[in-house]
Amino acid sequence: MRTIEIPLGERAYPVVVGEGLLADPATWAPHLGKAPVVVVTNDTVADLYLQPVLDALAGHDVDTFVMPDGETEKNWDNWRALIGQLADRHAPRDTTLVALGGGVVGDLCGFAAATWMRGIRFIQVPTTLLAQVDASVGGKTAINIPQGKNLVGAFHQPAAVLADTATLRTLPPREYRAGLAEVLKYGAICDAGFIDWFEANIDALRAMDASALAEIVERSVRYKAAVVAEDEQEQGVRAILNFGHTFGHALETHTGYTRFLHGEAIAIGMVVAATLSEARGLLQPGLAQRLADIQSALGLAVSIPADIEPADLLEHMRLDKKNLAGRRRLVLLSAPGNAIIDEDSRDDEILAALTACRDHPE
Ligand SMILES: NC(=O)c1ccc[n+]([C@@H]2O[C@H](COP(=O)([O-])OP(=O)(O)OC[C@H]3O[C@@H](n4cnc5c(N)ncnc54)[C@H](O)[C@@H]3O)[C@@H](O)[C@H]2O)c1
């Protein structure tokens with residue numbers, strides 16, 4: 001078991017990483033007192049992990065809220081249903097919500113925790129790789145509304161994060177691979193040595209070796225913690241976590257969020273961002289190819305499919321919410337492990353990078 005402290009002053013909290021944590025009462029004991037607990041999860045995760053969690057919480061006053069699975073369920077209706085349940089059952093201010101699931105459950109449960117009685121405790125128990133290495137740490141909570149994703153939300157830090165790496169073994173392989181792209185992102189933006197580590201550990205990652213899983217979750221949490229501690233509310237440096245995301249979001253939006261998982265789009269987006277960095281002369285040539293090779297070896301696609309027009313992606317980028325005052329902001333690299341915010345890339349340079357990373361039409 002490894003514990004990483006997120007250093008946020010009075011909002012500091014531990015992230016505990018280990019195999020088999022959630023079924024062990026000892027994991028929970030330090031984070032729960034006698035106050036009521038409500039475990040929030042979805043039906044897929046409930047089938048796999050709700051009973052072991054309830055067994056580990058025997059002796060506590062525990063209620064459950066099980067929502068349907070899916071990104072579209074991160075909505076007002078489920079927020080209202082959860083808040084309604086808390087209200088109907090007179091959940092007191094010292095209630096702890098437990099978010100057991102991926103980023104969808106974590107974001108919705110966190111937003112309910114942020115809003116019920118102006119904010120109550122919650123514990124993140126992330127069960128996807130994306131949620132363990134990203135969504136559960138940092139305190140961003142949100143729901144989607146018809147006008148857009150994550151448009152309603154709050155910053156609300158959890159009281160603890162309990163990341164049981166054994167849960168990753170039941171993930172659909174596609175979800176696991178997509179999460180690996182987000183992990184590699186930390187190497188690209190924070191630590192060149194982590195890119196080397198990936199190259200040396202492809203087989204262990206493919207085999208979901210226990211020590212490799214613990215290593216990637218721990219390292220990712222440390223990198224994210226360092227960035228979040230410097231910029232809790234995303235005023236500045238936290239934006240580097242969006243490396244690959246502007247291009248990735250364009251791919252996701254253009255394909256109606258049905259073709260790519262988020263991490264799959266980010267995998268391609270990172271290769272485009274590195275390619276642009278190299279073409280702009282900001283980065284020595286070679287890294288774009290290394291990122292592509294690592295991700296291909298992990299089973300990820302790393303190029304834009306031939307049926308997608310680069311010009312259409314550029315059009316989507318004009319509307320990206322990370323743009324400020326009409327200026328397009330991109331996260332690029334000045335060296336492996338070193339990200340920079342760029343506002344100077346011209347449309348023709350971006351178009352050339354997108355085209356260079358696209359499969360050739362037949
Ligand atoms: N708050 C943040 O900082 C932050 C950061 C990144 C992403 N997000 C949000 O996270 C969400 C995506 O999260 P996600 O990728 O975890 O998706 P998800 O929560 O939809 O989980 C993916 C799928 O895996 C299933 N699942 C979860 N754990 C499982 C397990 N152990 N075994 C088998 N199946 C399991 C889920 O039921 C779901 O079908 C998005 O809504 C995104 O906006 C938030």
# chains A, B, ... in the order shown; residues from 1 in each chain; ligands from 1
>>> closest_atom_pairs(of="chain A", to="ligand 1", cutoff="6 Å", atoms="only C-alpha atoms and all ligand atoms", output="JSON lines")
{"residue": "A:Thr44", "atom": "CA", "partner": "ligand 1", "partner_atom_place_in_ligand_line": "37 (O)", "distance": 4.9}
{"residue": "A:Val45", "atom": "CA", "partner": "ligand 1", "partner_atom_place_in_ligand_line": "37 (O)", "distance": 5.5}
{"residue": "A:Asp69", "atom": "CA", "partner": "ligand 1", "partner_atom_place_in_ligand_line": "37 (O)", "distance": 5.2}
{"residue": "A:Gly70", "atom": "CA", "partner": "ligand 1", "partner_atom_place_in_ligand_line": "20 (O)", "distance": 5.2}
{"residue": "A:Glu71", "atom": "CA", "partner": "ligand 1", "partner_atom_place_in_ligand_line": "20 (O)", "distance": 5.3}
{"residue": "A:Gly101", "atom": "CA", "partner": "ligand 1", "partner_atom_place_in_ligand_line": "27 (C)", "distance": 5.0}
{"residue": "A:Gly102", "atom": "CA", "partner": "ligand 1", "partner_atom_place_in_ligand_line": "19 (O)", "distance": 3.2}
{"residue": "A:Gly103", "atom": "CA", "partner": "ligand 1", "partner_atom_place_in_ligand_line": "13 (O)", "distance": 3.3}
{"residue": "A:Val104", "atom": "CA", "partner": "ligand 1", "partner_atom_place_in_ligand_line": "19 (O)", "distance": 3.9}
{"residue": "A:Val105", "atom": "CA", "partner": "ligand 1", "partner_atom_place_in_ligand_line": "19 (O)", "distance": 5.8}
{"residue": "A:Asp107", "atom": "CA", "partner": "ligand 1", "partner_atom_place_in_ligand_line": "1 (N)", "distance": 5.5}
{"residue": "A:Thr127", "atom": "CA", "partner": "ligand 1", "partner_atom_place_in_ligand_line": "28 (N)", "distance": 4.2}
{"residue": "A:Thr128", "atom": "CA", "partner": "ligand 1", "partner_atom_place_in_ligand_line": "28 (N)", "distance": 4.6}
{"residue": "A:Leu130", "atom": "CA", "partner": "ligand 1", "partner_atom_place_in_ligand_line": "15 (O)", "distance": 5.1}
{"residue": "A:Ala131", "atom": "CA", "partner": "ligand 1", "partner_atom_place_in_ligand_line": "16 (O)", "distance": 4.8}
{"residue": "A:Asp134", "atom": "CA", "partner": "ligand 1", "partner_atom_place_in_ligand_line": "5 (C)", "distance": 5.3}
{"residue": "A:Ala135", "atom": "CA", "partner": "ligand 1", "partner_atom_place_in_ligand_line": "4 (C)", "distance": 3.5}
{"residue": "A:Lys140", "atom": "CA", "partner": "ligand 1", "partner_atom_place_in_ligand_line": "1 (N)", "distance": 4.2}
{"residue": "A:Thr141", "atom": "CA", "partner": "ligand 1", "partner_atom_place_in_ligand_line": "1 (N)", "distance": 5.1}
{"residue": "A:Thr167", "atom": "CA", "partner": "ligand 1", "partner_atom_place_in_ligand_line": "31 (N)", "distance": 4.3}
{"residue": "A:Leu168", "atom": "CA", "partner": "ligand 1", "partner_atom_place_in_ligand_line": "31 (N)", "distance": 5.0}
{"residue": "A:Thr170", "atom": "CA", "partner": "ligand 1", "partner_atom_place_in_ligand_line": "32 (N)", "distance": 4.1}
{"residue": "A:Leu171", "atom": "CA", "partner": "ligand 1", "partner_atom_place_in_ligand_line": "33 (C)", "distance": 3.8}
>>> residues_around(residues="Val228 (chain A)", least_positions_apart="3", cutoff="10 Å", atoms="only C-alpha atoms", output="list in words")
Ile6, Pro7, Leu8, Val137, Gly138, Gly139, Arg222, Tyr223, Lys224, Ala225, Asp231, Glu232, Gln233, Glu234, Val237, Arg238, Ala239 and Leu241 of chain A
>>> select_by_dssp(residues="region 225-300 of chain A", states="alpha helix (DSSP H)", output="PDB file with C-alpha atoms, in the first residue's frame")
ATOM      1  CA  ALA A 225      -0.851  16.519  -7.008  1.00  0.00           C
ATOM      2  CA  ALA A 226       2.148  18.712  -7.751  1.00  0.00           C
ATOM      3  CA  VAL A 227       0.277  20.581 -10.479  1.00  0.00           C
ATOM      4  CA  VAL A 228      -2.949  20.907  -8.472  1.00  0.00           C
ATOM      5  CA  ALA A 229      -1.095  22.079  -5.348  1.00  0.00           C
ATOM      6  CA  GLU A 230       0.406  24.887  -7.386  1.00  0.00           C
ATOM      7  CA  HIS A 245      -6.859  17.675 -25.174  1.00  0.00           C
ATOM      8  CA  THR A 246      -7.567  20.473 -27.641  1.00  0.00           C
ATOM      9  CA  PHE A 247      -6.963  18.115 -30.559  1.00  0.00           C
ATOM     10  CA  GLY A 248      -8.613  15.234 -28.698  1.00  0.00           C
ATOM     11  CA  HIS A 249     -11.738  17.251 -27.949  1.00  0.00           C
ATOM     12  CA  ALA A 250     -11.966  18.282 -31.592  1.00  0.00           C
ATOM     13  CA  LEU A 251     -11.913  14.592 -32.560  1.00  0.00           C
ATOM     14  CA  GLU A 252     -14.518  13.700 -29.927  1.00  0.00           C
ATOM     15  CA  THR A 253     -16.824  16.576 -30.839  1.00  0.00           C
ATOM     16  CA  HIS A 254     -16.482  16.009 -34.566  1.00  0.00           C
ATOM     17  CA  HIS A 262     -11.844  10.207 -24.274  1.00  0.00           C
ATOM     18  CA  GLY A 263      -8.392   8.657 -23.700  1.00  0.00           C
ATOM     19  CA  GLU A 264      -8.324   7.269 -27.243  1.00  0.00           C
ATOM     20  CA  ALA A 265      -8.842  10.763 -28.632  1.00  0.00           C
ATOM     21  CA  ILE A 266      -6.183  12.123 -26.264  1.00  0.00           C
ATOM     22  CA  ALA A 267      -3.713   9.476 -27.487  1.00  0.00           C
ATOM     23  CA  ILE A 268      -4.003  10.861 -31.017  1.00  0.00           C
ATOM     24  CA  GLY A 269      -4.146  14.443 -29.739  1.00  0.00           C
ATOM     25  CA  MET A 270      -0.821  14.067 -27.928  1.00  0.00           C
ATOM     26  CA  VAL A 271       0.888  12.855 -31.084  1.00  0.00           C
ATOM     27  CA  VAL A 272      -0.530  15.846 -32.991  1.00  0.00           C
ATOM     28  CA  ALA A 273       0.576  18.273 -30.241  1.00  0.00           C
ATOM     29  CA  ALA A 274       4.100  16.814 -30.202  1.00  0.00           C
ATOM     30  CA  THR A 275       4.231  16.904 -34.015  1.00  0.00           C
ATOM     31  CA  LEU A 276       3.226  20.580 -33.988  1.00  0.00           C
ATOM     32  CA  SER A 277       5.801  21.322 -31.272  1.00  0.00           C
ATOM     33  CA  GLU A 278       8.504  19.754 -33.436  1.00  0.00           C
ATOM     34  CA  ALA A 279       7.336  21.501 -36.618  1.00  0.00           C
ATOM     35  CA  LEU A 287       9.310  12.614 -29.320  1.00  0.00           C
ATOM     36  CA  ALA A 288       6.151  12.512 -31.438  1.00  0.00           C
ATOM     37  CA  GLN A 289       7.348   9.205 -32.896  1.00  0.00           C
ATOM     38  CA  ARG A 290       8.253   7.823 -29.451  1.00  0.00           C
ATOM     39  CA  LEU A 291       4.813   8.692 -28.046  1.00  0.00           C
ATOM     40  CA  ALA A 292       3.206   7.083 -31.093  1.00  0.00           C
ATOM     41  CA  ASP A 293       5.328   3.924 -30.768  1.00  0.00           C
ATOM     42  CA  ILE A 294       4.584   3.487 -27.060  1.00  0.00           C
ATOM     43  CA  GLN A 295       0.880   3.971 -27.555  1.00  0.00           C
ATOM     44  CA  SER A 296       0.746   1.652 -30.566  1.00  0.00           C
ATOM     45  CA  ALA A 297       2.515  -1.039 -28.557  1.00  0.00           C
TER      46      ALA A 297
END
>>> closest_residue(among="A:Val125, A:Cys190, A:Ala114, A:Leu205", to="Leu298 (chain A)", atoms="only C-alpha atoms")
A:Leu205
>>> select_by_dssp(residues="region 33-210 of chain A", states="strand (DSSP E)", output="PyMOL selection string")
chain A and resi 37-42+62-67+96-101+121-126+140-145+148-155+160-164
>>> write_last_selection(atoms="N, CA and C atoms", output="compact mmCIF listing (two decimals), in the first residue's frame")
# COMPACT_ATOMS: atom_id res chain seq x y z
N VAL A 37 -23.00 6.92 6.16
CA VAL A 37 -22.27 6.82 4.90
C VAL A 37 -23.28 6.49 3.80
N VAL A 38 -23.14 7.13 2.65
CA VAL A 38 -23.98 6.76 1.50
C VAL A 38 -23.04 6.37 0.36
N VAL A 39 -23.11 5.12 -0.07
CA VAL A 39 -22.27 4.65 -1.17
C VAL A 39 -23.02 4.92 -2.48
N VAL A 40 -22.38 5.71 -3.34
CA VAL A 40 -22.97 6.07 -4.63
C VAL A 40 -22.21 5.31 -5.71
N THR A 41 -22.93 4.59 -6.57
CA THR A 41 -22.26 3.80 -7.61
C THR A 41 -23.20 3.65 -8.80
N ASN A 42 -22.76 2.89 -9.82
CA ASN A 42 -23.70 2.60 -10.92
C ASN A 42 -23.96 1.09 -10.97
N VAL A 62 -24.99 2.56 6.80
CA VAL A 62 -24.72 2.70 5.36
C VAL A 62 -26.01 2.65 4.53
N ASP A 63 -26.11 3.60 3.62
CA ASP A 63 -27.19 3.62 2.64
C ASP A 63 -26.53 3.53 1.26
N THR A 64 -27.30 3.19 0.22
CA THR A 64 -26.70 3.12 -1.12
C THR A 64 -27.56 3.91 -2.12
N PHE A 65 -26.90 4.37 -3.17
CA PHE A 65 -27.60 5.02 -4.29
C PHE A 65 -26.96 4.46 -5.55
N VAL A 66 -27.75 3.73 -6.34
CA VAL A 66 -27.21 3.09 -7.56
C VAL A 66 -27.85 3.75 -8.78
N MET A 67 -27.02 4.37 -9.62
CA MET A 67 -27.53 5.03 -10.82
C MET A 67 -27.26 4.15 -12.06
N THR A 96 -21.03 11.13 5.07
CA THR A 96 -19.95 11.00 4.07
C THR A 96 -20.50 10.26 2.84
N LEU A 97 -20.37 10.87 1.68
CA LEU A 97 -20.70 10.17 0.44
C LEU A 97 -19.47 9.41 -0.03
N VAL A 98 -19.66 8.22 -0.57
CA VAL A 98 -18.56 7.43 -1.13
C VAL A 98 -18.84 7.25 -2.62
N ALA A 99 -17.95 7.74 -3.47
CA ALA A 99 -18.12 7.60 -4.92
C ALA A 99 -17.39 6.34 -5.36
N LEU A 100 -18.14 5.27 -5.61
CA LEU A 100 -17.56 3.98 -6.00
C LEU A 100 -17.79 3.78 -7.49
N GLY A 101 -16.76 4.04 -8.31
CA GLY A 101 -16.93 3.88 -9.76
C GLY A 101 -15.92 4.69 -10.53
N ARG A 121 -18.65 15.93 3.36
CA ARG A 121 -17.47 15.11 3.04
C ARG A 121 -17.79 14.10 1.96
N PHE A 122 -16.80 13.78 1.15
CA PHE A 122 -16.96 12.61 0.30
C PHE A 122 -15.61 11.94 0.09
N ILE A 123 -15.68 10.65 -0.19
CA ILE A 123 -14.48 9.84 -0.43
C ILE A 123 -14.57 9.29 -1.84
N GLN A 124 -13.49 9.42 -2.57
CA GLN A 124 -13.45 8.87 -3.93
C GLN A 124 -12.88 7.45 -3.87
N VAL A 125 -13.60 6.50 -4.45
CA VAL A 125 -13.09 5.13 -4.60
C VAL A 125 -13.12 4.82 -6.10
N PRO A 126 -12.11 5.32 -6.82
CA PRO A 126 -12.12 5.22 -8.28
C PRO A 126 -11.84 3.79 -8.74
N LYS A 140 -12.27 18.60 -8.94
CA LYS A 140 -13.25 19.09 -9.91
C LYS A 140 -14.44 18.15 -9.89
N THR A 141 -15.64 18.70 -9.72
CA THR A 141 -16.85 17.89 -9.77
C THR A 141 -17.79 18.54 -10.77
N ALA A 142 -18.66 17.77 -11.39
CA ALA A 142 -19.52 18.37 -12.42
C ALA A 142 -20.61 17.42 -12.88
N ILE A 143 -21.61 18.02 -13.51
CA ILE A 143 -22.56 17.24 -14.30
C ILE A 143 -22.63 17.86 -15.70
N ASN A 144 -23.18 17.09 -16.63
CA ASN A 144 -23.39 17.59 -17.99
C ASN A 144 -24.80 18.16 -18.11
N ILE A 145 -24.96 19.15 -18.97
CA ILE A 145 -26.31 19.62 -19.31
C ILE A 145 -26.44 19.54 -20.83
N GLY A 148 -23.85 21.28 -22.95
CA GLY A 148 -22.44 20.92 -22.98
C GLY A 148 -22.01 20.09 -21.78
N LYS A 149 -20.83 19.48 -21.92
CA LYS A 149 -20.29 18.62 -20.87
C LYS A 149 -19.68 19.44 -19.74
N ASN A 150 -19.87 19.00 -18.53
CA ASN A 150 -19.21 19.57 -17.35
C ASN A 150 -19.48 21.06 -17.17
N LEU A 151 -20.61 21.55 -17.67
CA LEU A 151 -20.86 23.00 -17.59
C LEU A 151 -21.34 23.43 -16.21
N VAL A 152 -21.86 22.49 -15.43
CA VAL A 152 -22.32 22.83 -14.08
C VAL A 152 -21.47 22.04 -13.10
N GLY A 153 -20.80 22.72 -12.20
CA GLY A 153 -19.96 21.98 -11.28
C GLY A 153 -19.38 22.86 -10.19
N ALA A 154 -18.48 22.28 -9.43
CA ALA A 154 -17.87 23.01 -8.32
C ALA A 154 -16.50 22.41 -8.03
N PHE A 155 -15.62 23.21 -7.46
CA PHE A 155 -14.39 22.65 -6.89
C PHE A 155 -14.73 22.18 -5.49
N ALA A 160 -10.65 11.81 1.11
CA ALA A 160 -9.63 10.78 0.85
C ALA A 160 -9.94 10.15 -0.50
N VAL A 161 -8.90 9.56 -1.11
CA VAL A 161 -9.09 8.77 -2.33
C VAL A 161 -8.52 7.38 -2.05
N LEU A 162 -9.32 6.36 -2.29
CA LEU A 162 -8.88 4.99 -2.07
C LEU A 162 -8.87 4.29 -3.42
N ALA A 163 -7.69 4.10 -3.98
CA ALA A 163 -7.56 3.55 -5.34
C ALA A 163 -7.12 2.09 -5.26
N ASP A 164 -8.06 1.21 -5.48
CA ASP A 164 -7.78 -0.23 -5.43
C ASP A 164 -7.40 -0.69 -6.84
